[in-house]
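Visitor: Below are the structure tokens for one structure; questions will follow.
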There are 2 protein chains.
Amino acid sequence: MNAEILAVGSEMLTPDKVDTNSLYLTQHLNTLGIEVVAKAVIGDDRARLTDAIRDSWAHSQLVILTGGLGPTEDDVTRDAAAAALSLGMSENATAWDAILARFEKFGRTPTVNNRRQTLILDGAVMLPNPNGTAPGQWLARDDRVLVLLPGPPRELKPMVQAEILPRLAAMLPPLVIRTRWYRVALMGESDLDQLIAPVYSKYTNPATTILAAAGDIDIHLRARCETPEEAEALLAEVGDPIAALIGDKIYSTNGDAMEVVVGKLLREKGRTVAVAESLTGGMIGQQITSIPGSSDYFKGGFLTYTDEMKTQLLGVPEGTSAVSEEAALAMARGALVRTGADYALSATGYADSDQAGLVYIGLATREHVHARRLKLSGDRHRVRTLAVLNALDWLRRALLS
Amino acid sequence: MNAEILAVGSEMLTPDKVDTNSLYLTQHLNTLGIEVVAKAVIGDDRARLTDAIRDSWAHSQLVILTGGLGPTEDDVTRDAAAAALSLGMSENATAWDAILARFEKFGRTPTVNNRRQTLILDGAVMLPNPNGTAPGQWLARDDRVLVLLPGPPRELKPMVQAEILPRLAAMLPPLVIRTRWYRVALMGESDLDQLIAPVYSKYTNPATTILAAAGDIDIHLRARCETPEEAEALLAEVGDPIAALIGDKIYSTNGDAMEVVVGKLLREKGRTVAVAESLTGGMIGQQITSIPGSSDYFKGGFLTYTDEMKTQLLGVPEGTSAVSEEAALAMARGALVRTGADYALSATGYADSDQAGLVYIGLATREHVHARRLKLSGDRHRVRTLAVLNALDWLRRALLS
């Protein structure tokens with residue numbers, strides 16, 4: 001079953017507002033195996049909303065409208081839903097009684113406008129709202145479902161739990177969902193896709209999603225079957241060849257970030273790390289120490305942003321070019337010796353200027369010190385982010401070997 | 001002029017993703033006086049997207065599509081736009097040259113798939129993308145405009161600034177818009193609002209928006225008038241009393257981030273800074289060096305995450321409690337002396353554990369060294385972020401005094 005969510009209200013179209021109801025709904029629908037394939041925020045415009053509902057109704061089996069159920073002229077959801085599906089509406093006596101009771105409780109009297117809130121689409125079930133005046137609506141028609149929910153989260157959430165999820169669960173076949181997750185470092189998205197598309201593109205089950213951030217790519221596989229065994233078998237059928245193709249560029253299979261993976265390896269092997277940062281100015285240290293308990297394996301480090309500091313704090317020989325293999329080697333060696341750590345990472349390079357993206361990273365251990373030349377692309381932030389990821393990935397591989 | 005924004009990509013339909021591009025676009029469109037009346041996120045489904053575009057095109061004069069311009073089969077935006085408006089497409093030689101040049105720069109070869117990215121709608125202008133392979137498109141037709149933008153914010157934002165906003169501004173009636181921007185450090189959002197709401201709430205023009213992030217609050221005033229004089233007078237009428245109420249907690253009036261403000265002050269006064277970081281593990285250095293040219297005033301620093309490193313690298317007396325005023329003082333002093341900088345900032349504290357949020361920051365100058373005790377709230381990331389902001393704001397005030 002596919003779903004679309006339409007949030008109604010001009011107030012959600014400002015630069016600082018997010019429709020959080022759709023995130024809440026998506027989470028709960030996904031748990032039932034229902035995919036959200038589109039969502040929208042529509043202002044208080046009856047004609048615009050009518051077209052949007054008509055589109056969603058044509059494309060998806062479940063259409064959920066949130067908001068726009070208030071008592072004023074601006075509250076267009078009921079009218080637009082009736083127009084889109086060519087349905088009549090009539091006042092619901094139970095809903096009106098609930099409104100009367102609610103107003104009485106707070107010592108107030110409903111206005112004539114509140115009567116609008118009791119208009120229920122022909123054929124729909126009225127859903128009581130214990131936390132507000134607007135009742136919800138559930139309309140099942142031709143194997144499709146239209147749902148109207150109040151906008152305030154404290155009214156919507158209880159209604160979703162009490163009225164919507166149980167009704168949806170009753171409509172669905174009892175399917176099992178199993179997932180796999182591969183997190184890949186330092187591959188281009190199109191390179192990766194070209195590599196693995198021949199495997200996954202033959203399958204709609206499991207569904208494959210590829211998400212890319214700077215230097216990081218997540219591959220999600222999600223199988224939906226009648227039994228757990230069937231789902232696991234499908235995941236293995238698609239996932240195992242994908243994992244074999246990507247190899248050790250996969251650094252996590254549970255969603256752990258690189259700094260978490262590296263932290264766990266350091267802790268597991270009882271090793272410590274130090275850093276010597278020029279280009280990255282503290283970003284490697286900051287990332288390693290973003291994990292609680294990192295003081296167990298992070299010794300410390302040096303931010304050497306000038307030639308003078310590289311020489312003075314880390315013993316980089318005077319006259320060494322600040323961005324060079326020699327500098328990266330000497331920085332890593334200097335940090336290792338001065339902190340007594342088991343490993344030391346270094347990074348130096350250009351984040352802007354003509355030579356932007358030219359980066360050297362170093363890795364020192366008790367036995368060896370190596371440096372690598374990288375050519376990274378993007379703006380200052382991206383170059384620094386990729387330098388950090390390259391350095392941490394190098395340490396990860398060293399810890400594994 | 002009314003606008004609709006369609007974000008394309010199934011990855012934005014998960015419970016934890018928000019389409020931030022639409023927020024960015026809304027902010028800039030609003031500044032031009034363009035209202036966003038609907039927005040949607042549509043999965044990678046060509047037919048669904050085609051209907052959505054058709055709807056938006058029928059209802060609004062400006063339709064902006066973001067994402068789905070990649071090189072793969074999944075990238076359906078171009079095809080759907082062509083189908084919705086019944087237009088052909090053809091390969092653009094300039095766009096292909098740009099892709100070739102980009103790949104060559106990074107020593108890679110484009111795949112045949114990348115050719116798809118050069119398909120431009122008949123009648124559209126190709127918008128160059130200096131930060132990625134997907135060009136944008138601008139199609140003006142029958143008083144309406146369709147815009148195609150790449151999805152990654154680091155590609156989209158420069159294109160909006162360079163190509164979209166100027167073209168839109170040229171289409172609009174000459175209503176003058178003037179803005180003021182106050183950026184405030186280290187005040188609670190509700191405290192601030194309580195302080196200034198009596199001033200701004202009486203006015204709809206200028207419009208006032210308050211945006212809060214961890215420790216930072218932005219106040220935007222936007223006046224729309226027939227003449228610049230009128231607009232400036234309105235801004236003064238509302239802005240001056242607001243600025244007077246907040247005082248020197250306002251650190252920027254042009255949107256500069258704290259690290260930019262501090263960097264400009266250091267450069268202006270010809271001073272340098274160093275850091276000694278425990279709790280923040282490199283975050284202060286990373287933030288200072290996120291600004292191009294920061295090597296002019298950032299000397300370097302020390303990440304001293306263990307007691308041993310504090311003593312060995314910074315001369316903190318043995319036996320000093322790692323989280324104490326004494327430690328913050330000795331760390332700042334140690335960094336100043338060892339780097340020869342004019343100022344040194346230090347930070348030590350607890351980000352989790354029972355005492356989470358207890359933080360000491362230090363500031364050393366050639367004459368003095370001071371420390372402050374902070375009690376911060378929130379999770380590990382927030383405590384560290386607020387510690388950095390407190391330290392940088394302290395340096396800002398020292399540079400101003």
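Just so we're on the same page: first chain in the structure tokens is A, next is B, and so on; residues restart at 1 for each chain, and ligands are numbered from 1 in the order they show up.
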Hand me chain A as it sits after a least-squares fit onto chain B over every Cα, paired in order, written as a compact mmCIF listing (two decimals) with C-alpha atoms, in the first residue's frame.

Guide:
```txt
# COMPACT_ATOMS: atom_id res chain seq x y z
CA MET A 1 7.66 35.87 -5.60
CA ASN A 2 8.03 32.48 -3.86
CA ALA A 3 9.81 29.49 -5.37
CA GLU A 4 9.93 25.74 -4.89
CA ILE A 5 12.66 23.47 -6.20
CA LEU A 6 12.11 19.80 -7.02
CA ALA A 7 15.18 17.68 -7.73
CA VAL A 8 14.38 14.45 -9.54
CA GLY A 9 16.45 11.28 -9.21
CA SER A 10 16.72 8.29 -6.88
CA GLU A 11 20.51 8.64 -6.85
CA MET A 12 20.14 11.74 -4.63
CA LEU A 13 18.29 9.77 -1.93
CA THR A 14 21.34 7.92 -0.58
CA PRO A 15 22.94 8.77 2.81
CA ASP A 16 25.94 10.49 1.22
CA LYS A 17 24.39 12.64 -1.51
CA VAL A 18 23.28 16.24 -1.27
CA ASP A 19 21.25 18.09 -3.91
CA THR A 20 23.74 20.91 -4.51
CA ASN A 21 21.73 22.33 -7.43
CA SER A 22 19.09 23.59 -5.00
CA LEU A 23 21.74 25.43 -2.98
CA TYR A 24 23.06 27.08 -6.14
CA LEU A 25 19.56 28.01 -7.27
CA THR A 26 18.58 29.32 -3.83
CA GLN A 27 21.59 31.61 -3.74
CA HIS A 28 20.75 33.15 -7.11
CA LEU A 29 17.02 33.37 -6.48
CA ASN A 30 17.58 35.07 -3.12
CA THR A 31 19.74 37.67 -4.81
CA LEU A 32 16.74 38.57 -6.95
CA GLY A 33 14.56 38.74 -3.83
CA ILE A 34 12.85 35.43 -4.58
CA GLU A 35 12.28 33.28 -1.50
CA VAL A 36 12.59 29.49 -1.66
CA VAL A 37 9.76 28.21 0.55
CA ALA A 38 10.07 24.47 -0.08
CA LYS A 39 12.34 22.03 -1.82
CA ALA A 40 12.31 18.31 -2.37
CA VAL A 41 14.18 15.39 -3.79
CA ILE A 42 11.86 12.91 -5.50
CA GLY A 43 12.86 9.47 -6.78
CA ASP A 44 12.23 8.35 -10.35
CA ASP A 45 8.53 7.71 -9.77
CA ARG A 46 6.17 9.38 -12.20
CA ALA A 47 3.04 9.30 -10.03
CA ARG A 48 4.86 10.57 -6.93
CA LEU A 49 6.50 13.36 -8.89
CA THR A 50 3.22 14.37 -10.54
CA ASP A 51 1.64 14.94 -7.12
CA ALA A 52 4.66 16.85 -5.88
CA ILE A 53 4.57 19.18 -8.91
CA ARG A 54 0.83 19.71 -8.50
CA ASP A 55 1.36 20.74 -4.85
CA SER A 56 4.20 23.11 -5.61
CA TRP A 57 2.28 24.64 -8.52
CA ALA A 58 -0.69 25.25 -6.21
CA HIS A 59 1.42 26.97 -3.54
CA SER A 60 4.18 28.90 -5.29
CA GLN A 61 4.55 31.15 -8.31
CA LEU A 62 7.85 29.66 -9.44
CA VAL A 63 8.45 25.91 -9.61
CA ILE A 64 11.85 24.68 -10.77
CA LEU A 65 12.43 21.02 -11.63
CA THR A 66 16.00 19.76 -11.95
CA GLY A 67 17.05 16.43 -13.43
CA GLY A 68 15.09 13.54 -14.88
CA LEU A 69 15.38 14.90 -18.46
CA GLY A 70 17.54 12.08 -19.81
CA PRO A 71 16.57 9.76 -22.66
CA THR A 72 15.49 6.68 -20.69
CA GLU A 73 12.23 5.37 -19.24
CA ASP A 74 13.56 6.33 -15.82
CA ASP A 75 13.57 10.00 -16.79
CA VAL A 76 10.09 10.97 -15.69
CA THR A 77 10.23 14.75 -15.33
CA ARG A 78 8.69 15.69 -18.69
CA ASP A 79 5.81 13.22 -18.36
CA ALA A 80 5.09 14.18 -14.75
CA ALA A 81 5.08 17.92 -15.54
CA ALA A 82 2.68 17.36 -18.44
CA ALA A 83 0.40 15.25 -16.23
CA ALA A 84 0.46 17.68 -13.30
CA LEU A 85 -0.51 20.67 -15.43
CA SER A 86 -2.71 18.65 -17.87
CA LEU A 87 -0.67 19.71 -20.87
CA GLY A 88 0.27 17.99 -24.10
CA MET A 89 3.83 17.80 -25.47
CA SER A 90 5.30 17.78 -28.94
CA GLU A 91 8.72 17.11 -30.44
CA ASN A 92 10.80 20.21 -31.05
CA ALA A 93 12.72 20.21 -34.34
CA THR A 94 15.38 22.69 -33.17
CA ALA A 95 16.11 20.54 -30.13
CA TRP A 96 16.44 17.45 -32.35
CA ASP A 97 18.84 19.26 -34.68
CA ALA A 98 20.97 20.24 -31.67
CA ILE A 99 21.09 16.62 -30.52
CA LEU A 100 22.08 15.43 -34.01
CA ALA A 101 24.82 18.05 -34.20
CA ARG A 102 26.11 17.14 -30.74
CA PHE A 103 26.29 13.41 -31.51
CA GLU A 104 27.94 14.07 -34.84
CA LYS A 105 30.59 16.19 -33.14
CA PHE A 106 31.51 13.21 -30.94
CA GLY A 107 31.24 10.73 -33.83
CA ARG A 108 28.18 9.00 -32.41
CA THR A 109 24.58 8.40 -33.46
CA PRO A 110 21.57 9.26 -31.26
CA THR A 111 19.26 6.42 -30.29
CA VAL A 112 15.52 6.56 -30.79
CA ASN A 113 15.29 7.26 -27.05
CA ASN A 114 16.96 10.62 -27.54
CA ARG A 115 13.82 11.75 -29.37
CA ARG A 116 12.10 11.83 -25.97
CA GLN A 117 14.43 14.60 -24.93
CA THR A 118 12.95 16.88 -27.58
CA LEU A 119 9.41 16.71 -26.13
CA ILE A 120 8.43 20.23 -25.09
CA LEU A 121 5.34 21.10 -23.02
CA ASP A 122 2.63 22.92 -24.93
CA GLY A 123 3.20 26.64 -24.52
CA ALA A 124 6.75 26.26 -23.17
CA VAL A 125 9.91 27.85 -24.57
CA MET A 126 12.71 25.41 -25.39
CA LEU A 127 15.98 26.44 -23.69
CA PRO A 128 19.09 25.33 -25.61
CA ASN A 129 21.67 23.29 -23.70
CA PRO A 130 25.17 23.88 -25.09
CA ASN A 131 26.64 21.37 -22.62
CA GLY A 132 24.39 18.34 -22.99
CA THR A 133 21.57 16.70 -24.89
CA ALA A 134 18.60 17.64 -22.64
CA PRO A 135 17.12 21.06 -23.46
CA GLY A 136 15.53 23.05 -20.64
CA GLN A 137 11.98 24.40 -20.67
CA TRP A 138 10.36 27.67 -19.51
CA LEU A 139 6.60 27.72 -19.19
CA ALA A 140 4.83 30.94 -18.12
CA ARG A 141 1.15 30.45 -17.40
CA ASP A 142 -1.43 32.36 -15.31
CA ASP A 143 1.29 34.51 -13.65
CA ARG A 144 3.14 31.35 -12.71
CA VAL A 145 6.34 29.88 -14.09
CA LEU A 146 7.42 26.26 -14.42
CA VAL A 147 11.06 25.63 -15.28
CA LEU A 148 12.65 22.32 -16.32
CA LEU A 149 16.45 22.15 -16.02
CA PRO A 150 18.97 19.37 -16.69
CA GLY A 151 20.45 17.76 -13.55
CA PRO A 152 24.23 17.84 -14.14
CA PRO A 153 25.57 21.05 -12.57
CA ARG A 154 27.76 21.79 -15.57
CA GLU A 155 24.65 21.84 -17.75
CA LEU A 156 22.33 23.48 -15.24
CA LYS A 157 24.50 26.39 -14.13
CA PRO A 158 25.14 27.92 -17.57
CA MET A 159 21.44 27.56 -18.38
CA VAL A 160 20.45 29.31 -15.15
CA GLN A 161 22.80 32.17 -15.95
CA ALA A 162 21.91 32.52 -19.63
CA GLU A 163 18.20 31.72 -19.67
CA ILE A 164 16.58 31.71 -16.24
CA LEU A 165 17.92 34.65 -14.22
CA PRO A 166 17.44 37.24 -16.99
CA ARG A 167 13.84 36.07 -17.59
CA LEU A 168 13.07 36.20 -13.85
CA ALA A 169 14.68 39.62 -13.40
CA ALA A 170 12.49 40.95 -16.20
CA MET A 171 9.37 39.79 -14.33
CA LEU A 172 10.24 41.39 -10.99
CA PRO A 173 9.70 44.93 -9.80
CA PRO A 174 13.07 46.66 -9.29
CA LEU A 175 13.31 46.23 -5.51
CA VAL A 176 16.24 47.04 -3.25
CA ILE A 177 17.25 44.57 -0.52
CA ARG A 178 18.99 45.61 2.69
CA THR A 179 19.83 43.36 5.65
CA ARG A 180 20.82 43.53 9.31
CA TRP A 181 22.37 40.75 11.31
CA TYR A 182 22.59 40.38 15.10
CA ARG A 183 24.51 37.52 16.67
CA VAL A 184 23.59 36.86 20.30
CA ALA A 185 25.51 34.82 22.87
CA LEU A 186 24.17 32.73 25.70
CA MET A 187 20.43 33.34 25.56
CA GLY A 188 17.80 30.60 25.26
CA GLU A 189 15.97 30.66 21.95
CA SER A 190 12.50 30.85 23.51
CA ASP A 191 13.58 33.54 26.01
CA LEU A 192 14.97 35.60 23.18
CA ASP A 193 11.92 35.06 21.01
CA GLN A 194 9.58 36.05 23.82
CA LEU A 195 11.61 39.22 24.31
CA ILE A 196 11.68 40.41 20.71
CA ALA A 197 8.60 38.83 19.06
CA PRO A 198 6.40 41.75 20.15
CA VAL A 199 8.64 43.99 18.02
CA TYR A 200 9.21 41.97 14.86
CA SER A 201 5.99 39.99 14.60
CA LYS A 202 4.07 43.11 13.48
CA TYR A 203 6.18 43.31 10.32
CA THR A 204 6.40 41.08 7.28
CA ASN A 205 8.83 43.58 5.77
CA PRO A 206 11.53 43.41 6.98
CA ALA A 207 11.36 39.62 7.20
CA THR A 208 12.85 38.30 10.44
CA THR A 209 14.61 34.93 10.70
CA ILE A 210 15.95 33.46 13.95
CA LEU A 211 18.57 30.70 13.77
CA ALA A 212 19.86 28.95 16.87
CA ALA A 213 22.99 26.86 17.45
CA ALA A 214 24.51 25.76 20.80
CA GLY A 215 24.54 28.97 22.83
CA ASP A 216 24.50 31.18 19.74
CA ILE A 217 21.51 32.79 18.04
CA ASP A 218 21.48 34.71 14.76
CA ILE A 219 18.77 37.23 14.03
CA HIS A 220 18.48 38.26 10.37
CA LEU A 221 16.36 41.16 9.21
CA ARG A 222 15.81 41.59 5.48
CA ALA A 223 13.98 44.61 4.07
CA ARG A 224 12.85 44.83 0.44
CA CYS A 225 11.82 48.28 -0.73
CA GLU A 226 11.80 50.55 -3.75
CA THR A 227 14.65 52.72 -2.49
CA PRO A 228 17.69 52.10 -0.24
CA GLU A 229 16.50 54.91 2.07
CA GLU A 230 13.14 53.22 2.58
CA ALA A 231 14.82 49.86 3.29
CA GLU A 232 17.27 51.36 5.79
CA ALA A 233 14.44 53.20 7.54
CA LEU A 234 12.46 49.97 7.92
CA LEU A 235 15.52 48.14 9.26
CA ALA A 236 16.05 50.88 11.82
CA GLU A 237 12.37 50.83 12.81
CA VAL A 238 12.52 47.13 13.65
CA GLY A 239 16.23 46.57 14.32
CA ASP A 240 16.93 49.40 16.73
CA PRO A 241 14.31 48.37 19.32
CA ILE A 242 15.44 44.73 19.01
CA ALA A 243 19.05 45.73 19.60
CA ALA A 244 18.06 47.87 22.58
CA LEU A 245 16.12 44.98 24.16
CA ILE A 246 18.98 42.49 23.79
CA GLY A 247 21.72 44.94 24.76
CA ASP A 248 25.30 43.77 25.10
CA LYS A 249 24.42 40.13 24.60
CA ILE A 250 24.70 41.05 20.90
CA TYR A 251 28.32 40.36 20.14
CA SER A 252 28.43 40.75 16.37
CA THR A 253 26.47 42.65 13.72
CA ASN A 254 28.31 41.28 10.68
CA GLY A 255 28.23 37.53 11.28
CA ASP A 256 31.66 37.32 12.93
CA ALA A 257 32.04 34.32 15.24
CA MET A 258 32.89 34.91 18.91
CA GLU A 259 36.56 33.99 18.44
CA VAL A 260 36.82 36.51 15.60
CA VAL A 261 35.22 39.27 17.68
CA VAL A 262 37.50 38.53 20.64
CA GLY A 263 40.55 38.34 18.35
CA LYS A 264 39.78 41.73 16.78
CA LEU A 265 39.35 43.34 20.22
CA LEU A 266 42.63 41.88 21.51
CA ARG A 267 44.48 43.09 18.42
CA GLU A 268 42.85 46.52 18.52
CA LYS A 269 43.82 47.05 22.17
CA GLY A 270 47.26 45.44 21.82
CA ARG A 271 46.52 42.84 24.48
CA THR A 272 47.41 39.15 24.75
CA VAL A 273 45.62 36.14 26.22
CA ALA A 274 46.56 32.76 27.68
CA VAL A 275 44.44 29.78 28.73
CA ALA A 276 44.37 27.16 31.47
CA GLU A 277 42.03 24.36 30.46
CA SER A 278 40.81 21.32 32.32
CA LEU A 279 37.22 20.47 31.29
CA THR A 280 37.70 21.92 27.80
CA GLY A 281 41.04 20.14 27.21
CA GLY A 282 42.29 22.56 24.55
CA MET A 283 39.01 23.72 23.05
CA ILE A 284 39.43 27.36 24.07
CA GLY A 285 42.94 27.51 22.64
CA GLN A 286 41.88 25.67 19.52
CA GLN A 287 39.04 28.12 18.94
CA ILE A 288 41.18 31.23 19.49
CA THR A 289 43.87 29.87 17.16
CA SER A 290 41.42 28.90 14.44
CA ILE A 291 41.79 32.52 13.25
CA PRO A 292 44.75 33.39 10.95
CA GLY A 293 47.16 35.78 12.68
CA SER A 294 46.10 34.73 16.18
CA SER A 295 49.78 34.35 17.13
CA ASP A 296 49.74 38.16 17.50
CA TYR A 297 47.57 37.90 20.62
CA PHE A 298 47.53 34.27 21.77
CA LYS A 299 50.48 33.54 24.05
CA GLY A 300 49.77 29.93 24.84
CA GLY A 301 48.39 27.86 27.64
CA PHE A 302 48.17 24.80 29.81
CA LEU A 303 46.05 21.71 29.56
CA THR A 304 45.83 20.46 33.12
CA TYR A 305 43.59 17.47 33.12
CA THR A 306 44.71 15.93 36.42
CA ASP A 307 45.06 17.40 39.94
CA GLU A 308 48.77 16.72 39.80
CA MET A 309 49.15 18.76 36.58
CA LYS A 310 47.08 21.63 37.99
CA THR A 311 49.47 21.83 40.93
CA GLN A 312 52.66 21.16 39.04
CA LEU A 313 52.09 23.31 35.96
CA LEU A 314 49.90 26.08 37.35
CA GLY A 315 50.59 26.20 41.08
CA VAL A 316 47.07 25.28 42.14
CA PRO A 317 47.52 24.56 45.89
CA GLU A 318 47.54 20.85 46.71
CA GLY A 319 44.25 19.70 48.15
CA THR A 320 42.18 22.20 46.12
CA SER A 321 39.09 20.52 44.72
CA ALA A 322 39.61 20.18 40.96
CA VAL A 323 36.17 21.56 40.22
CA SER A 324 35.81 24.63 42.41
CA GLU A 325 35.99 28.38 42.37
CA GLU A 326 39.41 28.18 44.01
CA ALA A 327 40.71 25.93 41.23
CA ALA A 328 39.40 28.24 38.50
CA LEU A 329 40.98 31.25 40.22
CA ALA A 330 44.34 29.57 40.75
CA MET A 331 44.42 28.18 37.21
CA ALA A 332 43.76 31.58 35.62
CA ARG A 333 46.29 33.27 37.92
CA GLY A 334 48.88 30.57 37.22
CA ALA A 335 48.50 30.86 33.45
CA LEU A 336 48.74 34.66 33.58
CA VAL A 337 51.91 34.64 35.64
CA ARG A 338 53.61 31.84 33.71
CA THR A 339 52.94 33.29 30.24
CA GLY A 340 53.07 37.00 30.97
CA ALA A 341 49.80 37.50 29.08
CA ASP A 342 47.45 40.43 29.82
CA TYR A 343 44.47 38.12 30.27
CA ALA A 344 44.10 34.47 31.18
CA LEU A 345 40.98 32.32 30.92
CA SER A 346 40.44 29.09 32.83
CA ALA A 347 37.78 26.37 32.73
CA THR A 348 37.21 23.39 34.98
CA GLY A 349 34.10 21.29 35.50
CA TYR A 350 32.18 18.10 34.89
CA ALA A 351 31.07 17.12 31.37
CA ASP A 352 29.50 13.85 32.38
CA SER A 353 28.88 12.08 35.74
CA ASP A 354 26.21 13.01 38.29
CA GLN A 355 27.33 16.58 38.41
CA ALA A 356 27.53 17.07 34.62
CA GLY A 357 27.21 20.70 33.68
CA LEU A 358 28.74 22.15 36.84
CA VAL A 359 31.49 24.38 35.51
CA TYR A 360 33.74 27.10 36.89
CA ILE A 361 35.42 29.57 34.58
CA GLY A 362 38.07 32.08 35.62
CA LEU A 363 39.39 35.33 34.20
CA ALA A 364 42.65 36.85 35.37
CA THR A 365 43.97 40.30 34.48
CA ARG A 366 47.04 42.11 35.78
CA GLU A 367 44.89 43.61 38.54
CA HIS A 368 42.21 41.06 39.40
CA VAL A 369 41.17 37.46 39.15
CA HIS A 370 37.54 36.37 39.19
CA ALA A 371 35.69 33.09 38.84
CA ARG A 372 32.13 32.21 37.91
CA ARG A 373 30.00 29.17 38.56
CA LEU A 374 27.92 27.94 35.62
CA LYS A 375 25.23 25.30 35.42
CA LEU A 376 25.18 24.10 31.81
CA SER A 377 22.94 21.53 30.20
CA GLY A 378 23.37 18.95 27.48
CA ASP A 379 25.81 16.24 26.53
CA ARG A 380 29.57 16.33 26.90
CA HIS A 381 30.12 18.21 23.66
CA ARG A 382 27.49 20.83 24.44
CA VAL A 383 28.71 21.43 27.98
CA ARG A 384 32.24 21.98 26.69
CA THR A 385 31.06 24.19 23.82
CA LEU A 386 29.01 26.36 26.18
CA ALA A 387 31.90 26.61 28.64
CA VAL A 388 34.14 27.90 25.83
CA LEU A 389 31.50 30.40 24.70
CA ASN A 390 30.98 31.65 28.26
CA ALA A 391 34.72 32.11 28.76
CA LEU A 392 35.22 33.93 25.46
CA ASP A 393 32.17 36.14 26.05
CA TRP A 394 33.52 37.07 29.45
CA LEU A 395 36.83 38.09 27.89
CA ARG A 396 34.93 40.09 25.25
CA ARG A 397 33.08 42.05 27.93
CA ALA A 398 36.29 42.62 29.88
CA LEU A 399 37.96 43.98 26.73
CA LEU A 400 35.02 46.32 26.08
CA SER A 401 34.79 47.70 29.62
```

Visitor: Taking the DSSP secondary structure from the backbone, can you list the residues of region 124-271 of chain B that are strand (DSSP E or B), as a PyMOL selection string?

Guide: chain B and resi 125-127+136-141+144-149+176-185+207-213+216-225+250-252

Visitor: So that I can check the secondary structure, give me every residue of region 229-329 of chain A assigned alpha helix (DSSP H) by backbone DSSP, as number ranges by chain.

Guide: A: 229-246, 258-269, 283-288, 307-314, 325-329

Visitor: Please produce a file of the residues just selected, as a short mmCIF file (atom, residue, chain, number, x, y, z; two decimals), in the first residue's frame, where the atoms kept are C-alpha atoms.

Guide:
```
data_model
loop_
_atom_site.label_atom_id
_atom_site.label_comp_id
_atom_site.auth_asym_id
_atom_site.auth_seq_id
_atom_site.Cartn_x
_atom_site.Cartn_y
_atom_site.Cartn_z
CA GLU A 229 13.09 -16.80 6.78
CA GLU A 230 11.84 -15.70 3.37
CA ALA A 231 12.80 -12.06 4.07
CA GLU A 232 16.28 -12.99 5.28
CA ALA A 233 16.81 -15.20 2.24
CA LEU A 234 15.87 -12.35 -0.10
CA LEU A 235 18.19 -9.95 1.73
CA ALA A 236 21.04 -12.43 1.39
CA GLU A 237 20.28 -12.97 -2.30
CA VAL A 238 20.63 -9.26 -3.04
CA GLY A 239 22.81 -8.03 -0.17
CA ASP A 240 25.60 -10.58 -0.28
CA PRO A 241 26.61 -9.88 -3.90
CA ILE A 242 26.39 -6.12 -3.25
CA ALA A 243 28.64 -6.45 -0.21
CA ALA A 244 31.11 -8.58 -2.16
CA LEU A 245 31.29 -5.99 -4.97
CA ILE A 246 31.93 -3.07 -2.62
CA MET A 258 32.82 6.57 10.84
CA GLU A 259 33.92 8.09 14.17
CA VAL A 260 31.82 5.51 16.03
CA VAL A 261 33.31 2.62 14.03
CA VAL A 262 36.85 3.89 14.59
CA GLY A 263 36.14 4.50 18.29
CA LYS A 264 34.83 0.96 18.78
CA LEU A 265 37.89 -0.54 17.03
CA LEU A 266 40.31 1.53 19.14
CA ARG A 267 38.54 0.52 22.34
CA GLU A 268 38.33 -3.14 21.31
CA LYS A 269 42.06 -3.30 20.57
CA MET A 283 37.82 18.85 12.85
CA ILE A 284 39.36 15.39 13.23
CA GLY A 285 39.67 15.79 17.00
CA GLN A 286 36.20 17.24 17.24
CA GLN A 287 34.74 14.32 15.33
CA ILE A 288 36.55 11.66 17.38
CA ASP A 307 54.72 26.96 9.60
CA GLU A 308 56.15 28.28 12.84
CA MET A 309 53.72 26.17 14.91
CA LYS A 310 54.41 23.06 12.83
CA THR A 311 58.10 23.42 13.62
CA GLN A 312 57.75 24.55 17.20
CA LEU A 313 55.04 22.18 18.39
CA LEU A 314 55.64 19.14 16.20
CA GLU A 325 54.22 14.71 1.97
CA GLU A 326 57.16 15.59 4.20
CA ALA A 327 54.99 17.89 6.32
CA ALA A 328 52.27 15.25 6.72
CA LEU A 329 54.87 12.65 7.72
#
```
